[in-house]
2 protein chains.
Amino acid sequence: MARAVGGEGSLSNDGLSEDRAALALEDLAAGQVYRSASAVIDGAAITAFAAAWDPQPFHLDSAAASASIFGGLAASGWHTACHSMRLFVDGPLRIAGGLVGAGVEQLRWPVPTRPGDILHVETEVLSVRPSASKPDRGLVRIRNVTLNQRGEVAQEMIATLVVPRRDAGGQPAGP
Amino acid sequence: MARAVGGEGSLSNDGLSEDRAALALEDLAAGQVYRSASAVIDGAAITAFAAAWDPQPFHLDSAAASASIFGGLAASGWHTACHSMRLFVDGPLRIAGGLVGAGVEQLRWPVPTRPGDILHVETEVLSVRPSASKPDRGLVRIRNVTLNQRGEVAQEMIATLVVPRRDAGGQPAGP
């Protein structure tokens with residue numbers, strides 16, 4: 001990753017979002033890197049999330065998880081994904097009109113998230129281009145890597161965001 | 001999609017899972033189609049999920065959402081993804097050892113999920129192959145399409161599952 005932009009935010013200080021100027025397409029360039037704050041994922045949260053969205057034994061019960069392919073309690077990948085989104089939304093990359101995804105082209109979970117893991121997200125801007133059909137916006141391709149406290153990759157996502165152009169008034173007019 | 005396998009399950013009847021035989025790699029073939037039960041997504045659930053995982057105005061507030069790119073309250077894509085996973089887990093495709101993802105190669109949300117939408121998931125088996133390195137398992141590529149009550153695609157995901165081979169005892173030995 002090339003150059004660092006922005007600093008650490010805080011999950012509990014939502015006021016931070018109002019303090020930072022929202023960015024338009026013209027402000028973004030390949031190689032920019034943004035780093036989120038951190039979040040601790042405890043075992044009770046892992047099982048509560050799994051009970052709601054991904055009720056499988058290796059996400060719900062330590063004994064069953066030990067006998068599974070995961071070798072111990074592991075968060076649902078979707079739990080890691082949700083934490084990653086929250087850290088990203090609360091993080092330093094503020095886009096005018098919000099973080100709107102045009103799609104995800106890769107999402108993988110190389111190592112499971114375990115009870116007590118501490119996650120943060122590093123975002124690299126891969127490319128920036130104006131929309132061919134809609135002059136008020138552009139498309140920004142990013143790599144979001146979610147790292148745990150051991151420096152292991154808990155999630156890697158490559159996605160494209162819809163970002164308004166500044167001369168379009170800061171917000172695209174429609175979907 | 002080719003031939004239908006399995007029927008509708010029920011979100012509220014977890015006992016169903018024990019009634020159906022879990023499948024191994026040898027049971028799966030390209031062209032098989034599985035259909036989940038349905039789930040209703042109400043507006044309060046949309047805003048509660050967003051408050052936890054994706055707190056952006058267009059997922060939290062109807063007025064702000066009307067002025068946004070979404071033109072009205074829209075569920076976070078991650079909310080649609082979580083519902084899709086739950087419907088998939090509760091659905092008719094039962095894999096020995098559980099639904100373990102090796103990775104997602106595409107995830108997109110062509111139309112937003114709105115308050116009152118009713119979602120279900122249709123799973124098509126795209127390909128089945130033994131692992132080149134691990135004789136106890138194989139890789140099954142699937143397309144999961146989440147449809148709303150209007151027949152619109154709320155989510156399309158292409159993913160690969162790790163599936164045990166029957167002669168390996170029903171469960172891979174390690175990650």
# chains A, B, ... in the order shown; residues from 1 in each chain; ligands from 1

$ interface_residues --of "chain B" --to "chain A" --cutoff "9 Å" --atoms "only C-alpha atoms" --output "NGL selection string"
:B and (52-58 or 67-71 or 77-79 or 81-90 or 97-110 or 171-175)

$ write_last_selection --atoms "N, CA and C atoms" --output "short mmCIF file (atom, residue, chain, number, x, y, z; two decimals), in the first residue's frame"
data_model
loop_
_atom_site.label_atom_id
_atom_site.label_comp_id
_atom_site.auth_asym_id
_atom_site.auth_seq_id
_atom_site.Cartn_x
_atom_site.Cartn_y
_atom_site.Cartn_z
N ALA B 52 -26.65 -0.90 13.52
CA ALA B 52 -25.56 -1.72 14.04
C ALA B 52 -24.37 -1.81 13.09
N TRP B 53 -24.62 -1.95 11.79
CA TRP B 53 -23.55 -2.37 10.88
C TRP B 53 -23.26 -1.42 9.73
N ASP B 54 -24.20 -0.57 9.38
CA ASP B 54 -24.02 0.27 8.18
C ASP B 54 -24.79 1.57 8.37
N PRO B 55 -24.37 2.35 9.38
CA PRO B 55 -25.18 3.53 9.76
C PRO B 55 -25.02 4.70 8.80
N GLN B 56 -25.69 4.61 7.67
CA GLN B 56 -25.69 5.69 6.69
C GLN B 56 -27.14 6.17 6.53
N PRO B 57 -27.32 7.47 6.23
CA PRO B 57 -28.67 8.04 6.25
C PRO B 57 -29.69 7.30 5.38
N PHE B 58 -29.27 6.82 4.20
CA PHE B 58 -30.24 6.16 3.32
C PHE B 58 -30.68 4.79 3.81
N ALA B 67 -34.03 11.64 -0.44
CA ALA B 67 -33.17 12.63 -1.10
C ALA B 67 -31.86 12.01 -1.59
N SER B 68 -31.68 10.72 -1.36
CA SER B 68 -30.40 10.07 -1.70
C SER B 68 -30.48 9.38 -3.05
N ILE B 69 -29.38 8.76 -3.43
CA ILE B 69 -29.31 7.99 -4.67
C ILE B 69 -30.33 6.85 -4.69
N PHE B 70 -30.79 6.39 -3.51
CA PHE B 70 -31.72 5.27 -3.45
C PHE B 70 -33.19 5.69 -3.63
N GLY B 71 -33.49 6.97 -3.45
CA GLY B 71 -34.85 7.44 -3.65
C GLY B 71 -35.86 6.92 -2.65
N GLY B 77 -26.88 -3.45 1.80
CA GLY B 77 -26.60 -4.68 1.04
C GLY B 77 -26.19 -5.83 1.95
N TRP B 78 -25.53 -5.48 3.07
CA TRP B 78 -25.10 -6.52 4.01
C TRP B 78 -26.28 -7.12 4.75
N HIS B 79 -27.36 -6.35 4.88
CA HIS B 79 -28.59 -6.89 5.46
C HIS B 79 -29.21 -7.90 4.49
N ALA B 81 -27.56 -9.53 2.36
CA ALA B 81 -26.64 -10.67 2.37
C ALA B 81 -26.88 -11.58 3.58
N CYS B 82 -27.11 -10.97 4.73
CA CYS B 82 -27.36 -11.77 5.94
C CYS B 82 -28.67 -12.54 5.83
N HIS B 83 -29.72 -11.88 5.36
CA HIS B 83 -30.98 -12.61 5.14
C HIS B 83 -30.78 -13.75 4.15
N SER B 84 -30.02 -13.48 3.12
CA SER B 84 -29.79 -14.52 2.11
C SER B 84 -29.07 -15.71 2.73
N MET B 85 -28.10 -15.44 3.59
CA MET B 85 -27.37 -16.55 4.24
C MET B 85 -28.30 -17.34 5.13
N ARG B 86 -29.13 -16.64 5.91
CA ARG B 86 -30.05 -17.35 6.80
C ARG B 86 -31.02 -18.23 6.01
N LEU B 87 -31.57 -17.69 4.94
CA LEU B 87 -32.48 -18.48 4.11
C LEU B 87 -31.76 -19.69 3.51
N PHE B 88 -30.50 -19.48 3.13
CA PHE B 88 -29.69 -20.55 2.53
C PHE B 88 -29.40 -21.64 3.58
N VAL B 89 -29.02 -21.22 4.78
CA VAL B 89 -28.70 -22.18 5.85
C VAL B 89 -29.95 -23.00 6.22
N ASP B 90 -31.10 -22.33 6.26
CA ASP B 90 -32.34 -23.02 6.63
C ASP B 90 -32.96 -23.77 5.45
N GLY B 97 -21.12 -31.62 7.27
CA GLY B 97 -20.11 -30.72 7.84
C GLY B 97 -20.48 -29.26 7.77
N GLY B 98 -21.60 -28.91 7.13
CA GLY B 98 -22.06 -27.52 7.11
C GLY B 98 -21.71 -26.79 5.83
N LEU B 99 -22.25 -25.57 5.73
CA LEU B 99 -22.01 -24.72 4.56
C LEU B 99 -20.76 -23.89 4.85
N VAL B 100 -19.65 -24.30 4.27
CA VAL B 100 -18.37 -23.64 4.50
C VAL B 100 -17.93 -23.00 3.19
N GLY B 101 -17.77 -21.69 3.20
CA GLY B 101 -17.41 -20.98 1.99
C GLY B 101 -15.90 -20.93 1.79
N ALA B 102 -15.46 -21.23 0.58
CA ALA B 102 -14.05 -21.06 0.25
C ALA B 102 -13.81 -19.64 -0.28
N GLY B 103 -14.87 -18.95 -0.64
CA GLY B 103 -14.72 -17.58 -1.14
C GLY B 103 -15.88 -17.20 -2.03
N VAL B 104 -16.06 -15.89 -2.17
CA VAL B 104 -17.11 -15.32 -3.01
C VAL B 104 -16.42 -14.61 -4.16
N GLU B 105 -16.83 -14.92 -5.39
CA GLU B 105 -16.17 -14.24 -6.50
C GLU B 105 -17.02 -13.12 -7.08
N GLN B 106 -18.27 -13.06 -6.68
CA GLN B 106 -19.11 -11.95 -7.10
C GLN B 106 -20.25 -11.77 -6.10
N LEU B 107 -20.52 -10.53 -5.75
CA LEU B 107 -21.63 -10.22 -4.85
C LEU B 107 -22.15 -8.85 -5.28
N ARG B 108 -23.40 -8.83 -5.73
CA ARG B 108 -23.93 -7.54 -6.16
C ARG B 108 -25.41 -7.44 -5.80
N TRP B 109 -25.86 -6.22 -5.69
CA TRP B 109 -27.21 -5.93 -5.25
C TRP B 109 -27.89 -5.07 -6.32
N PRO B 110 -28.46 -5.70 -7.36
CA PRO B 110 -29.01 -4.93 -8.49
C PRO B 110 -30.16 -4.01 -8.10
N GLN B 171 -16.65 -35.45 6.81
CA GLN B 171 -16.17 -34.13 7.26
C GLN B 171 -14.67 -33.99 6.98
N PRO B 172 -14.27 -32.91 6.33
CA PRO B 172 -12.84 -32.70 6.09
C PRO B 172 -12.09 -32.59 7.42
N ALA B 173 -10.83 -32.99 7.40
CA ALA B 173 -10.06 -33.09 8.63
C ALA B 173 -9.52 -31.77 9.14
N GLY B 174 -9.38 -30.78 8.33
CA GLY B 174 -8.81 -29.51 8.80
C GLY B 174 -9.10 -28.40 7.81
N PRO B 175 -8.74 -27.19 8.16
CA PRO B 175 -9.08 -26.05 7.30
C PRO B 175 -8.32 -26.09 5.97
#

$ select_by_dssp --residues "chain A" --states "alpha helix (DSSP H)" --output "ChimeraX atom specification"
/A:16-19,43-53,57-60,62-66,77-89

$ residues_around --residues "Ser38 of chain B" --least-positions-apart "5" --cutoff "7 Å" --atoms "only C-alpha atoms" --output "PDB file with N, CA and C atoms, in the first residue's frame"
ATOM      1  N   ILE B 118     -40.306  -9.285   0.364  1.00  0.00           N
ATOM      2  CA  ILE B 118     -40.288 -10.703   0.734  1.00  0.00           C
ATOM      3  C   ILE B 118     -39.220 -11.368  -0.126  1.00  0.00           C
ATOM      4  N   LEU B 119     -38.204 -11.897   0.548  1.00  0.00           N
ATOM      5  CA  LEU B 119     -37.051 -12.454  -0.173  1.00  0.00           C
ATOM      6  C   LEU B 119     -37.018 -13.976  -0.077  1.00  0.00           C
ATOM      7  N   HIS B 120     -36.556 -14.600  -1.148  1.00  0.00           N
ATOM      8  CA  HIS B 120     -36.157 -16.009  -1.065  1.00  0.00           C
ATOM      9  C   HIS B 120     -34.899 -16.188  -1.902  1.00  0.00           C
TER      10      HIS B 120
END

$ select_by_dssp --residues "chain B" --states "strand (DSSP E)" --output "PyMOL selection string"
chain B and resi 3-4+32-41+100-108+117-130+137-147+153-164

$ write_last_selection --atoms "C-alpha atoms" --output "compact mmCIF listing (two decimals), in the first residue's frame"
# COMPACT_ATOMS: atom_id res chain seq x y z
CA ARG B 3 -33.99 -29.18 -12.44
CA ALA B 4 -35.58 -28.52 -9.11
CA GLN B 32 -29.24 -28.85 -9.52
CA VAL B 33 -31.46 -26.08 -8.16
CA TYR B 34 -32.57 -25.50 -4.57
CA ARG B 35 -35.17 -22.99 -3.42
CA SER B 36 -35.35 -21.56 0.10
CA ALA B 37 -38.33 -20.49 2.14
CA SER B 38 -39.19 -16.76 2.23
CA ALA B 39 -38.58 -13.98 4.72
CA VAL B 40 -40.32 -10.63 5.08
CA ILE B 41 -38.05 -7.62 5.71
CA VAL B 100 -18.37 -23.64 4.50
CA GLY B 101 -17.41 -20.98 1.99
CA ALA B 102 -14.05 -21.06 0.25
CA GLY B 103 -14.72 -17.58 -1.14
CA VAL B 104 -17.11 -15.32 -3.01
CA GLU B 105 -16.17 -14.24 -6.50
CA GLN B 106 -19.11 -11.95 -7.10
CA LEU B 107 -21.63 -10.22 -4.85
CA ARG B 108 -23.93 -7.54 -6.16
CA ASP B 117 -40.05 -6.91 0.65
CA ILE B 118 -40.29 -10.70 0.73
CA LEU B 119 -37.05 -12.45 -0.17
CA HIS B 120 -36.16 -16.01 -1.07
CA VAL B 121 -32.98 -17.59 -2.39
CA GLU B 122 -32.54 -19.84 -5.39
CA THR B 123 -29.31 -21.81 -5.48
CA GLU B 124 -27.94 -23.32 -8.65
CA VAL B 125 -25.00 -25.73 -8.62
CA LEU B 126 -22.62 -24.48 -11.31
CA SER B 127 -19.80 -27.01 -11.03
CA VAL B 128 -18.47 -29.80 -8.81
CA ARG B 129 -14.85 -30.89 -8.65
CA PRO B 130 -12.62 -32.85 -6.28
CA ARG B 137 -13.09 -32.92 -0.05
CA GLY B 138 -14.13 -31.07 -3.15
CA LEU B 139 -15.21 -27.62 -4.29
CA VAL B 140 -18.73 -26.78 -5.39
CA ARG B 141 -19.34 -23.52 -7.20
CA ILE B 142 -22.85 -22.14 -6.75
CA ARG B 143 -24.90 -19.15 -7.83
CA ASN B 144 -27.22 -17.85 -5.10
CA VAL B 145 -29.84 -15.45 -6.39
CA THR B 146 -31.98 -13.60 -3.87
CA LEU B 147 -35.30 -12.59 -5.39
CA VAL B 153 -32.82 -9.69 -8.19
CA ALA B 154 -32.00 -8.22 -4.79
CA GLN B 155 -28.67 -10.03 -4.66
CA GLU B 156 -26.59 -12.24 -6.87
CA MET B 157 -23.69 -14.14 -5.36
CA ILE B 158 -21.32 -16.62 -6.94
CA ALA B 159 -19.41 -18.57 -4.33
CA THR B 160 -17.48 -21.78 -3.81
CA LEU B 161 -18.28 -24.20 -1.00
CA VAL B 162 -15.96 -26.76 0.57
CA VAL B 163 -17.82 -30.09 0.52
CA PRO B 164 -16.59 -33.41 1.98

$ residues_around --residues "Glu26 of chain A" --least-positions-apart "3" --cutoff "8 Å" --atoms "only C-alpha atoms" --output "list in words"
Leu23, Ala29, Arg165 and Arg166 of chain A

$ write_last_selection --atoms "N, CA, C and O atoms" --output "PDB file, in the first residue's frame"
ATOM      1  N   LEU A  23     -15.584  13.585   0.499  1.00  0.00           N
ATOM      2  CA  LEU A  23     -14.755  13.620  -0.694  1.00  0.00           C
ATOM      3  C   LEU A  23     -15.593  13.378  -1.950  1.00  0.00           C
ATOM      4  O   LEU A  23     -16.585  12.644  -1.927  1.00  0.00           O
ATOM      5  N   ALA A  29      -7.558   9.135  -5.631  1.00  0.00           N
ATOM      6  CA  ALA A  29      -6.534   8.724  -6.593  1.00  0.00           C
ATOM      7  C   ALA A  29      -6.009   7.344  -6.205  1.00  0.00           C
ATOM      8  O   ALA A  29      -5.932   7.000  -5.016  1.00  0.00           O
ATOM      9  N   ARG A 165     -19.186  13.351  -8.706  1.00  0.00           N
ATOM     10  CA  ARG A 165     -18.197  14.345  -9.128  1.00  0.00           C
ATOM     11  C   ARG A 165     -18.565  15.664  -8.466  1.00  0.00           C
ATOM     12  O   ARG A 165     -19.732  15.979  -8.260  1.00  0.00           O
ATOM     13  N   ARG A 166     -17.541  16.452  -8.163  1.00  0.00           N
ATOM     14  CA  ARG A 166     -17.775  17.678  -7.419  1.00  0.00           C
ATOM     15  C   ARG A 166     -18.680  18.649  -8.181  1.00  0.00           C
ATOM     16  O   ARG A 166     -19.591  19.241  -7.611  1.00  0.00           O
TER      17      ARG A 166
END

$ residues_around --residues "Ser62 of chain B" --least-positions-apart "3" --cutoff "8 Å" --atoms "only C-alpha atoms" --output "PyMOL selection string"
chain B and resi 58-59+65-66+72-73

$ write_last_selection --atoms "C-alpha atoms" --output "mmCIF file, in the first residue's frame"
data_model
loop_
_atom_site.group_PDB
_atom_site.id
_atom_site.type_symbol
_atom_site.label_atom_id
_atom_site.label_comp_id
_atom_site.auth_asym_id
_atom_site.auth_seq_id
_atom_site.Cartn_x
_atom_site.Cartn_y
_atom_site.Cartn_z
ATOM 1 C CA PHE B 58 -30.238 6.164 3.317
ATOM 2 C CA HIS B 59 -30.444 3.007 5.471
ATOM 3 C CA ALA B 65 -33.211 8.216 1.930
ATOM 4 C CA SER B 66 -35.741 9.935 -0.351
ATOM 5 C CA GLY B 72 -36.308 5.915 -0.479
ATOM 6 C CA LEU B 73 -35.379 3.761 2.499
#

$ atom_distance --atom1 "atom CA of Leu93 of chain B" --atom2 "atom CA of Pro115 of chain A"
28.5 Å
